[in-house]
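The data block below is final24.cif; it holds mmCIF, C-alpha atoms.
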data_start
#
loop_
_atom_site.group_PDB
_atom_site.id
_atom_site.type_symbol
_atom_site.label_atom_id
_atom_site.label_comp_id
_atom_site.auth_asym_id
_atom_site.auth_seq_id
_atom_site.Cartn_x
_atom_site.Cartn_y
_atom_site.Cartn_z
ATOM 1 C CA MET S 1 1.626 -9.812 -27.997
ATOM 2 C CA SER S 2 2.064 -9.808 -24.243
ATOM 3 C CA SER S 3 -0.879 -9.852 -21.856
ATOM 4 C CA THR S 4 -1.131 -7.116 -19.250
ATOM 5 C CA ARG S 5 -1.620 -7.236 -15.518
ATOM 6 C CA THR S 6 -2.652 -4.593 -13.023
ATOM 7 C CA ILE S 7 -0.279 -4.532 -10.081
ATOM 8 C CA GLY S 8 0.413 -2.413 -7.021
ATOM 9 C CA VAL S 9 2.995 -2.440 -4.239
ATOM 10 C CA ALA S 10 2.065 -1.874 -0.612
ATOM 11 C CA VAL S 11 2.965 -2.351 3.025
ATOM 12 C CA ALA S 12 0.318 -4.661 4.486
ATOM 13 C CA ILE S 13 -1.076 -3.563 7.844
ATOM 14 C CA PRO S 14 -0.398 -6.518 10.176
ATOM 15 C CA GLU S 15 -2.985 -8.306 12.266
ATOM 16 C CA PRO S 16 -4.883 -7.587 14.337
ATOM 17 C CA TYR S 17 -4.886 -4.024 12.948
ATOM 18 C CA GLY S 18 -5.342 -4.921 9.279
ATOM 19 C CA GLY S 19 -8.507 -6.924 9.878
ATOM 20 C CA GLU S 20 -9.774 -4.383 12.393
ATOM 21 C CA LEU S 21 -9.422 -1.482 9.928
ATOM 22 C CA GLN S 22 -10.909 -3.534 7.110
ATOM 23 C CA ARG S 23 -13.980 -4.271 9.268
ATOM 24 C CA VAL S 24 -14.251 -0.553 10.071
ATOM 25 C CA ARG S 25 -14.147 0.269 6.352
ATOM 26 C CA VAL S 26 -16.787 -2.365 5.587
ATOM 27 C CA GLY S 27 -18.899 -0.963 8.434
ATOM 28 C CA TYR S 28 -18.967 2.451 6.786
ATOM 29 C CA GLY S 29 -20.438 0.825 3.673
ATOM 30 C CA ASP S 30 -17.307 1.052 1.513
ATOM 31 C CA GLU S 31 -17.992 -1.576 -1.159
ATOM 32 C CA LEU S 32 -14.297 -1.851 -2.082
ATOM 33 C CA ALA S 33 -13.237 -2.740 1.471
ATOM 34 C CA ALA S 34 -13.666 -6.508 1.162
ATOM 35 C CA SER S 35 -11.538 -6.675 -2.005
ATOM 36 C CA ILE S 36 -8.639 -4.493 -0.818
ATOM 37 C CA PRO S 37 -6.358 -5.697 1.973
ATOM 38 C CA THR S 38 -5.605 -2.914 4.487
ATOM 39 C CA HIS S 39 -2.366 -1.277 3.400
ATOM 40 C CA ILE S 40 -0.103 1.730 2.909
ATOM 41 C CA THR S 41 0.423 2.207 -0.823
ATOM 42 C CA LEU S 42 3.963 2.338 -2.188
ATOM 43 C CA LEU S 43 2.943 2.078 -5.865
ATOM 44 C CA PRO S 44 -0.643 2.794 -6.906
ATOM 45 C CA PRO S 45 -2.298 0.516 -9.465
ATOM 46 C CA ILE S 46 -0.366 0.334 -12.709
ATOM 47 C CA GLU S 47 -0.858 -1.799 -15.798
ATOM 48 C CA VAL S 48 2.270 -3.709 -16.852
ATOM 49 C CA HIS S 49 3.101 -6.318 -19.459
ATOM 50 C CA ALA S 50 3.201 -9.824 -18.018
ATOM 51 C CA ASP S 51 6.613 -10.254 -19.695
ATOM 52 C CA ASP S 52 7.972 -7.449 -17.471
ATOM 53 C CA LEU S 53 7.047 -9.102 -14.164
ATOM 54 C CA ASP S 54 10.449 -10.802 -13.764
ATOM 55 C CA SER S 55 12.342 -7.513 -14.099
ATOM 56 C CA ILE S 56 9.817 -5.812 -11.799
ATOM 57 C CA GLU S 57 10.323 -8.489 -9.136
ATOM 58 C CA LYS S 58 14.118 -8.173 -9.452
ATOM 59 C CA HIS S 59 13.782 -4.414 -9.008
ATOM 60 C CA LEU S 60 11.575 -4.826 -5.908
ATOM 61 C CA ARG S 61 13.973 -7.388 -4.480
ATOM 62 C CA THR S 62 16.902 -4.991 -4.879
ATOM 63 C CA VAL S 63 14.953 -2.196 -3.165
ATOM 64 C CA ALA S 64 13.837 -4.412 -0.272
ATOM 65 C CA GLU S 65 17.233 -5.978 0.372
ATOM 66 C CA SER S 66 18.898 -2.571 0.684
ATOM 67 C CA GLU S 67 16.327 -1.136 3.131
ATOM 68 C CA GLN S 68 15.865 -1.810 6.844
ATOM 69 C CA SER S 69 12.702 -2.517 8.805
ATOM 70 C CA PHE S 70 11.139 0.470 10.538
ATOM 71 C CA GLU S 71 8.279 1.348 12.836
ATOM 72 C CA ILE S 72 4.963 2.865 11.807
ATOM 73 C CA ARG S 73 2.555 4.696 14.054
ATOM 74 C CA LEU S 74 -0.997 5.280 12.865
ATOM 75 C CA ARG S 75 -2.799 7.973 14.814
ATOM 76 C CA GLY S 76 -5.816 10.145 14.147
ATOM 77 C CA THR S 77 -7.545 10.870 10.884
ATOM 78 C CA GLY S 78 -7.096 12.944 7.779
ATOM 79 C CA THR S 79 -8.939 13.488 4.535
ATOM 80 C CA PHE S 80 -8.281 14.353 0.911
ATOM 81 C CA ARG S 81 -11.647 16.138 0.646
ATOM 82 C CA PRO S 82 -12.653 18.153 -1.335
ATOM 83 C CA VAL S 83 -10.158 16.897 -3.961
ATOM 84 C CA SER S 84 -10.989 13.227 -3.365
ATOM 85 C CA PRO S 85 -13.704 11.658 -1.166
ATOM 86 C CA VAL S 86 -11.312 9.782 1.123
ATOM 87 C CA VAL S 87 -10.935 9.607 4.900
ATOM 88 C CA PHE S 88 -7.852 7.896 6.249
ATOM 89 C CA VAL S 89 -5.943 7.016 9.385
ATOM 90 C CA SER S 90 -2.790 9.127 9.424
ATOM 91 C CA VAL S 91 0.757 7.805 9.387
ATOM 92 C CA VAL S 92 2.476 9.937 12.050
ATOM 93 C CA MET S 93 5.702 7.969 12.475
ATOM 94 C CA GLY S 94 7.599 6.286 9.663
ATOM 95 C CA ILE S 95 6.565 8.858 7.054
ATOM 96 C CA GLY S 96 10.129 9.485 5.863
ATOM 97 C CA ASN S 97 10.786 5.741 5.611
ATOM 98 C CA CYS S 98 7.612 5.253 3.550
ATOM 99 C CA GLU S 99 8.562 8.175 1.309
ATOM 100 C CA ARG S 100 12.062 6.816 0.713
ATOM 101 C CA VAL S 101 10.880 3.274 -0.052
ATOM 102 C CA GLU S 102 8.057 4.591 -2.263
ATOM 103 C CA ALA S 103 10.490 6.706 -4.323
ATOM 104 C CA ARG S 104 12.796 3.729 -4.789
ATOM 105 C CA VAL S 105 9.920 1.377 -5.697
ATOM 106 C CA ARG S 106 8.584 3.936 -8.175
ATOM 107 C CA SER S 107 11.810 3.973 -10.191
ATOM 108 C CA GLY S 108 13.435 1.765 -12.818
ATOM 109 C CA PRO S 109 10.841 -0.471 -14.472
ATOM 110 C CA LEU S 110 8.113 1.068 -12.275
ATOM 111 C CA ALA S 111 8.955 4.721 -12.941
ATOM 112 C CA ARG S 112 5.847 6.811 -13.381
ATOM 113 C CA GLU S 113 4.476 10.230 -12.559
ATOM 114 C CA LEU S 114 1.867 10.507 -9.812
ATOM 115 C CA ALA S 115 -1.368 12.464 -10.183
ATOM 116 C CA PHE S 116 -0.897 13.773 -6.615
ATOM 117 C CA PRO S 117 2.130 14.031 -4.298
ATOM 118 C CA TYR S 118 2.798 10.835 -2.327
ATOM 119 C CA HIS S 119 1.169 10.862 1.120
ATOM 120 C CA PRO S 120 1.349 7.609 3.131
ATOM 121 C CA HIS S 121 -1.987 6.797 4.782
ATOM 122 C CA VAL S 122 -4.490 3.985 5.453
ATOM 123 C CA THR S 123 -7.900 4.502 3.842
ATOM 124 C CA VAL S 124 -10.926 3.842 6.077
ATOM 125 C CA ALA S 125 -13.679 5.369 3.909
ATOM 126 C CA HIS S 126 -13.720 6.074 0.175
ATOM 127 C CA ASP S 127 -16.323 7.438 -2.232
ATOM 128 C CA LEU S 128 -19.119 7.512 0.334
ATOM 129 C CA PRO S 129 -21.753 10.160 1.143
ATOM 130 C CA ALA S 130 -20.387 13.268 2.877
ATOM 131 C CA ASP S 131 -22.099 12.461 6.194
ATOM 132 C CA VAL S 132 -20.533 8.992 6.298
ATOM 133 C CA LEU S 133 -17.102 10.425 5.477
ATOM 134 C CA GLU S 134 -17.525 12.955 8.284
ATOM 135 C CA ARG S 135 -18.606 10.218 10.701
ATOM 136 C CA ALA S 136 -15.529 8.134 9.792
ATOM 137 C CA PHE S 137 -13.326 11.196 10.272
ATOM 138 C CA VAL S 138 -14.725 11.831 13.761
ATOM 139 C CA GLU S 139 -15.067 8.217 14.946
ATOM 140 C CA MET S 140 -11.541 7.174 13.936
ATOM 141 C CA ALA S 141 -9.850 10.332 15.294
ATOM 142 C CA GLY S 142 -8.727 8.489 18.443
ATOM 143 C CA TYR S 143 -7.172 5.550 16.593
ATOM 144 C CA ASP S 144 -3.565 4.960 17.711
ATOM 145 C CA VAL S 145 -1.389 1.891 17.012
ATOM 146 C CA ARG S 146 2.279 1.074 16.364
ATOM 147 C CA PHE S 147 3.824 -1.815 14.483
ATOM 148 C CA GLY S 148 7.030 -2.823 12.773
ATOM 149 C CA VAL S 149 7.230 -2.914 8.995
ATOM 150 C CA TRP S 150 8.824 -6.215 7.993
ATOM 151 C CA GLY S 151 8.652 -5.548 4.251
ATOM 152 C CA PHE S 152 6.244 -4.924 1.396
ATOM 153 C CA SER S 153 4.291 -6.994 -1.112
ATOM 154 C CA LEU S 154 3.578 -7.034 -4.818
ATOM 155 C CA TYR S 155 -0.199 -7.243 -5.337
ATOM 156 C CA GLU S 156 -2.181 -8.140 -8.434
ATOM 157 C CA HIS S 157 -5.716 -7.027 -9.205
ATOM 158 C CA GLY S 158 -7.627 -10.171 -10.161
ATOM 159 C CA PRO S 159 -10.395 -10.453 -12.765
ATOM 160 C CA ASP S 160 -12.823 -10.728 -9.822
ATOM 161 C CA GLY S 161 -11.772 -7.257 -8.604
ATOM 162 C CA VAL S 162 -9.858 -8.553 -5.571
ATOM 163 C CA TRP S 163 -6.300 -7.433 -4.792
ATOM 164 C CA ARG S 164 -4.103 -10.398 -3.807
ATOM 165 C CA PRO S 165 -0.465 -10.506 -2.661
ATOM 166 C CA GLN S 166 1.759 -12.262 -5.220
ATOM 167 C CA ARG S 167 5.165 -12.020 -3.561
ATOM 168 C CA ASP S 168 6.578 -10.621 -0.337
ATOM 169 C CA PHE S 169 9.795 -8.602 -0.177
ATOM 170 C CA PRO S 170 11.287 -8.534 3.350
ATOM 171 C CA LEU S 171 13.357 -5.473 4.188
ATOM 172 C CA GLY S 172 17.084 -5.894 4.811
ATOM 173 C CA ARG S 173 17.243 -9.622 4.100
ATOM 174 C CA PRO S 174 18.323 -11.446 0.963
ATOM 175 C CA LEU S 175 15.598 -13.481 -0.686
ATOM 176 C CA PRO S 176 16.269 -17.071 -1.736
ATOM 177 C CA GLY S 177 17.345 -17.664 -5.316
ATOM 178 C CA PRO S 178 19.881 -15.989 -7.564
ATOM 179 C CA HIS S 179 20.545 -12.354 -6.782
ATOM 180 C CA PRO S 180 19.338 -9.910 -9.495
ATOM 181 C CA ASP S 181 22.926 -8.632 -9.972
ATOM 182 C CA SER S 182 24.129 -12.137 -10.833
ATOM 183 C CA VAL S 183 21.452 -12.848 -13.428
#

Would you mind writing the file out in structure tokens?
Amino acid sequence: MSSTRTIGVAVAIPEPYGGELQRVRVGYGDELAASIPTHITLLPPIEVHADDLDSIEKHLRTVAESEQSFEIRLRGTGTFRPVSPVVFVSVVMGIGNCERVEARVRSGPLARELAFPYHPHVTVAHDLPADVLERAFVEMAGYDVRFGVWGFSLYEHGPDGVWRPQRDFPLGRPLPGPHPDSV
């Protein structure tokens, strides 16, 4: 019997913004902040068989190689309240690119239904008291940065509860090694 792993796929927020937003999240008292790199989700956590990781990586490689880098702009805040106690920094440029890449990632061996429609964002406060969520919403409203998306990463949720990148998939560039179509 195959062991299982919990994986996710995300666009990492580059430095200095990733560390800055992670410190903000920690500052609001979000206990998960230290174990989750700052990111835009492309595939939420999913449990897979370890034996399927090779085909999953081939799939992600194919997606990444056929896409091109794009620019993201994060500006202002949004929330999923009252449905979910989350405050986030909004993606205001690059939404369509994120949506396209997300749909392609969430196909083939990673096909799955989502509980909610896909909405690219960067979480800054999650599952905190209402007053803290409101403070995060107000204090981060002026946030405004731009950066290029070089690619995305496959993350694994470790037994210690920390999400760690396992492999990077640059957009628009072939990765070293045999191409998935030739294997």

Practice task
Find, counting only C-alpha atoms, the residue in S:Ala111, S:Leu133, S:Cys98, S:Ala10 that gets nearest to Gln166 in chain S.
Solution key: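 Of S:Ala111, S:Leu133, S:Cys98, S:Ala10, the one nearest Gln166 in chain S, counting only C-alpha atoms, is S:Ala10.
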
Exercise for the section: Could you tell me which of S:Gly27, S:Pro85, S:Pro44, S:Pro14 comes closest to Glu156 in chain S if we count all atoms listed in the file? Expected result: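 Distance minimum relative to Glu156 in chain S lands on S:Pro44.
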
Exercise for the section: Evaluate the PyMOL selection byres ((chain S and resi 42) around 9) here and jot the selected residues down as a PyMOL selection string. Expected result: chain S and resi 8-11+40-41+43-44+98-99+101-103+105-106+118+120+152

Exercise for the section: Rank nothing, just name the residue among S:Arg135, S:Arg104, S:Arg5, S:His121 nearest to His59 in chain S, using only C-alpha atoms. Expected result: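 Closest to His59 in chain S of all the choices is S:Arg104.
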
Exercise for the section: Spell out the residues picked by the PyMOL selection byres ((chain S and resi 64) around 8) here, as a list of chain:residue names. Expected result: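 In the shown coordinates, the PyMOL selection byres ((chain S and resi 64) around 8) covers S:Leu60, S:Arg61, S:Thr62, S:Val63, S:Glu65, S:Ser66, S:Glu67, S:Gln68, S:Gly151, S:Phe152, S:Phe169, S:Pro170, S:Leu171, S:Gly172, S:Arg173.
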
Would you compute, for all listed atoms of range 83-95 of chain S, the axis-aligned bounding box grown by 4 Å on each side, and then report its centre and edge lengths in Å rounded to one decimal, as lines of an AutoDock Vina configuration file?
center_x = -3.1
center_y = 11.6
center_z = 4.3
size_x = 29.3
size_y = 18.6
size_z = 24.4

Handout entry: Surrounding residues of Pro159 in chain S excluding itself and chain neighbours under 6 positions, 12 Å, all atoms listed in the file, as a list in words
Key = Thr4, Arg5, Thr6 and Ser35 of chain S

Problem - Which residue of S:Val162, S:Phe70, S:Tyr143, S:Ser84 approaches Ala115 in chain S most closely, using all atoms listed in the file - result: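 Among the listed residues, S:Ser84 lies closest to Ala115 in chain S.
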
Practice task
Pick out the residues sitting within 8 Å of Asp30 in chain S, and hand them over as a VMD selection string; count all atoms listed in the file, and ignore anything fewer than 4 positions along from it in its own chain.
Solution key: chain S and resid 25 to 26 125 to 128

Practice task
Would you translate the PyMOL selection byres ((chain S and resi 140) around 10) into the concrete set of residues it matches in this file, as a list in words?
Solution key: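 Those residues are Leu21, Val24, Arg75, Gly76, Thr77, Gly78, Val87, Phe88, Val89, Val124, Arg135, Ala136, Phe137, Val138, Glu139, Ala141, Gly142, Tyr143 and Asp144 of chain S.
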
Handout entry: For Pro109 in chain S, the nearest of the candidates S:Asn97, S:Ser90, S:Ser55, S:Thr79, counting all atoms listed in the file
Key = S:Ser55

Handout entry: Pairwise distance for CA of Trp163 in chain S and CA of Ile7 in chain S, rounded to one decimal in Å
Key =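 A separation of 8.5 Å between them.
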
Handout entry: Two-atom distance - CA of Asp51 in chain S, CA of Asp160 in chain S (Å)
Key =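 Result for CA of Asp51 in chain S versus CA of Asp160 in chain S: 21.8 Å, one decimal.
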
Exercise for the section: Could you please determine the separation between CA of Pro129 in chain S and CA of Pro117 in chain S in Å, to one decimal place? Expected result: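 Interatomic distance here is 24.8 Å.
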
Exercise for the section: Choose the residue, out of S:Gly158, S:Gly148, S:Pro45, S:Pro82, that has the smallest atom-to-atom separation from Leu114 in chain S; count all atoms listed in the file. Expected result: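 Distance minimum relative to Leu114 in chain S lands on S:Pro45.
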
Could I get range 144-177 of chain S rebuilt with N, CA and C atoms, written as an mmCIF file, keeping the file's coordinate frame?
data_model
loop_
_atom_site.group_PDB
_atom_site.id
_atom_site.type_symbol
_atom_site.label_atom_id
_atom_site.label_comp_id
_atom_site.auth_asym_id
_atom_site.auth_seq_id
_atom_site.Cartn_x
_atom_site.Cartn_y
_atom_site.Cartn_z
ATOM 1 N N ASP S 144 -4.988 4.798 17.421
ATOM 2 C CA ASP S 144 -3.565 4.960 17.711
ATOM 3 C C ASP S 144 -2.928 3.584 17.886
ATOM 4 N N VAL S 145 -2.099 3.173 16.923
ATOM 5 C CA VAL S 145 -1.389 1.891 17.012
ATOM 6 C C VAL S 145 0.020 2.057 16.444
ATOM 7 N N ARG S 146 0.902 1.143 16.869
ATOM 8 C CA ARG S 146 2.279 1.074 16.364
ATOM 9 C C ARG S 146 2.560 -0.355 15.935
ATOM 10 N N PHE S 147 3.398 -0.487 14.912
ATOM 11 C CA PHE S 147 3.824 -1.815 14.483
ATOM 12 C C PHE S 147 5.097 -1.686 13.658
ATOM 13 N N GLY S 148 5.828 -2.776 13.589
ATOM 14 C CA GLY S 148 7.030 -2.823 12.773
ATOM 15 C C GLY S 148 6.689 -3.200 11.345
ATOM 16 N N VAL S 149 7.388 -2.582 10.419
ATOM 17 C CA VAL S 149 7.230 -2.914 8.995
ATOM 18 C C VAL S 149 8.314 -3.930 8.655
ATOM 19 N N TRP S 150 7.894 -5.131 8.322
ATOM 20 C CA TRP S 150 8.824 -6.215 7.993
ATOM 21 C C TRP S 150 9.239 -6.176 6.525
ATOM 22 N N GLY S 151 8.390 -5.565 5.681
ATOM 23 C CA GLY S 151 8.652 -5.548 4.251
ATOM 24 C C GLY S 151 7.439 -5.025 3.508
ATOM 25 N N PHE S 152 7.387 -5.319 2.224
ATOM 26 C CA PHE S 152 6.244 -4.924 1.396
ATOM 27 C C PHE S 152 5.905 -6.056 0.444
ATOM 28 N N SER S 153 4.763 -5.930 -0.222
ATOM 29 C CA SER S 153 4.291 -6.994 -1.112
ATOM 30 C C SER S 153 3.903 -6.446 -2.475
ATOM 31 N N LEU S 154 4.066 -7.291 -3.472
ATOM 32 C CA LEU S 154 3.578 -7.034 -4.818
ATOM 33 C C LEU S 154 2.177 -7.630 -4.881
ATOM 34 N N TYR S 155 1.197 -6.812 -5.242
ATOM 35 C CA TYR S 155 -0.199 -7.243 -5.337
ATOM 36 C C TYR S 155 -0.624 -7.256 -6.797
ATOM 37 N N GLU S 156 -1.576 -8.125 -7.106
ATOM 38 C CA GLU S 156 -2.181 -8.140 -8.434
ATOM 39 C C GLU S 156 -3.692 -8.022 -8.299
ATOM 40 N N HIS S 157 -4.268 -7.220 -9.173
ATOM 41 C CA HIS S 157 -5.716 -7.027 -9.205
ATOM 42 C C HIS S 157 -6.306 -8.130 -10.074
ATOM 43 N N GLY S 158 -7.072 -9.030 -9.449
ATOM 44 C CA GLY S 158 -7.627 -10.171 -10.161
ATOM 45 C C GLY S 158 -8.836 -9.808 -11.006
ATOM 46 N N PRO S 159 -9.215 -10.697 -11.921
ATOM 47 C CA PRO S 159 -10.395 -10.453 -12.765
ATOM 48 C C PRO S 159 -11.684 -10.334 -11.950
ATOM 49 N N ASP S 160 -11.661 -10.837 -10.707
ATOM 50 C CA ASP S 160 -12.823 -10.728 -9.822
ATOM 51 C C ASP S 160 -12.824 -9.420 -9.032
ATOM 52 N N GLY S 161 -11.829 -8.547 -9.281
ATOM 53 C CA GLY S 161 -11.772 -7.257 -8.604
ATOM 54 C C GLY S 161 -11.077 -7.284 -7.256
ATOM 55 N N VAL S 162 -10.517 -8.415 -6.864
ATOM 56 C CA VAL S 162 -9.858 -8.553 -5.571
ATOM 57 C C VAL S 162 -8.349 -8.367 -5.739
ATOM 58 N N TRP S 163 -7.748 -7.600 -4.829
ATOM 59 C CA TRP S 163 -6.300 -7.433 -4.792
ATOM 60 C C TRP S 163 -5.697 -8.546 -3.948
ATOM 61 N N ARG S 164 -4.727 -9.283 -4.520
ATOM 62 C CA ARG S 164 -4.103 -10.398 -3.807
ATOM 63 C C ARG S 164 -2.585 -10.254 -3.825
ATOM 64 N N PRO S 165 -1.933 -10.542 -2.667
ATOM 65 C CA PRO S 165 -0.465 -10.506 -2.661
ATOM 66 C C PRO S 165 0.082 -11.627 -3.541
ATOM 67 N N GLN S 166 1.116 -11.293 -4.333
ATOM 68 C CA GLN S 166 1.759 -12.262 -5.220
ATOM 69 C C GLN S 166 3.130 -12.682 -4.706
ATOM 70 N N ARG S 167 3.834 -11.720 -4.101
ATOM 71 C CA ARG S 167 5.165 -12.020 -3.561
ATOM 72 C C ARG S 167 5.504 -10.998 -2.494
ATOM 73 N N ASP S 168 6.138 -11.485 -1.427
ATOM 74 C CA ASP S 168 6.578 -10.621 -0.337
ATOM 75 C C ASP S 168 8.058 -10.290 -0.513
ATOM 76 N N PHE S 169 8.417 -9.075 -0.092
ATOM 77 C CA PHE S 169 9.795 -8.602 -0.177
ATOM 78 C C PHE S 169 10.213 -8.081 1.195
ATOM 79 N N PRO S 170 10.857 -8.958 2.013
ATOM 80 C CA PRO S 170 11.287 -8.534 3.350
ATOM 81 C C PRO S 170 12.389 -7.482 3.255
ATOM 82 N N LEU S 171 12.355 -6.532 4.162
ATOM 83 C CA LEU S 171 13.357 -5.473 4.188
ATOM 84 C C LEU S 171 14.643 -5.970 4.844
ATOM 85 N N GLY S 172 15.783 -5.636 4.216
ATOM 86 C CA GLY S 172 17.084 -5.894 4.811
ATOM 87 C C GLY S 172 17.537 -7.327 4.841
ATOM 88 N N ARG S 173 16.864 -8.203 4.112
ATOM 89 C CA ARG S 173 17.243 -9.622 4.100
ATOM 90 C C ARG S 173 17.279 -10.120 2.664
ATOM 91 N N PRO S 174 18.290 -10.891 2.314
ATOM 92 C CA PRO S 174 18.323 -11.446 0.963
ATOM 93 C C PRO S 174 17.219 -12.490 0.793
ATOM 94 N N LEU S 175 16.609 -12.480 -0.364
ATOM 95 C CA LEU S 175 15.598 -13.481 -0.686
ATOM 96 C C LEU S 175 16.286 -14.709 -1.272
ATOM 97 N N PRO S 176 15.676 -15.883 -1.138
ATOM 98 C CA PRO S 176 16.269 -17.071 -1.736
ATOM 99 C C PRO S 176 16.307 -16.946 -3.263
ATOM 100 N N GLY S 177 17.230 -17.668 -3.858
ATOM 101 C CA GLY S 177 17.345 -17.664 -5.316
ATOM 102 C C GLY S 177 18.480 -16.775 -5.762
#
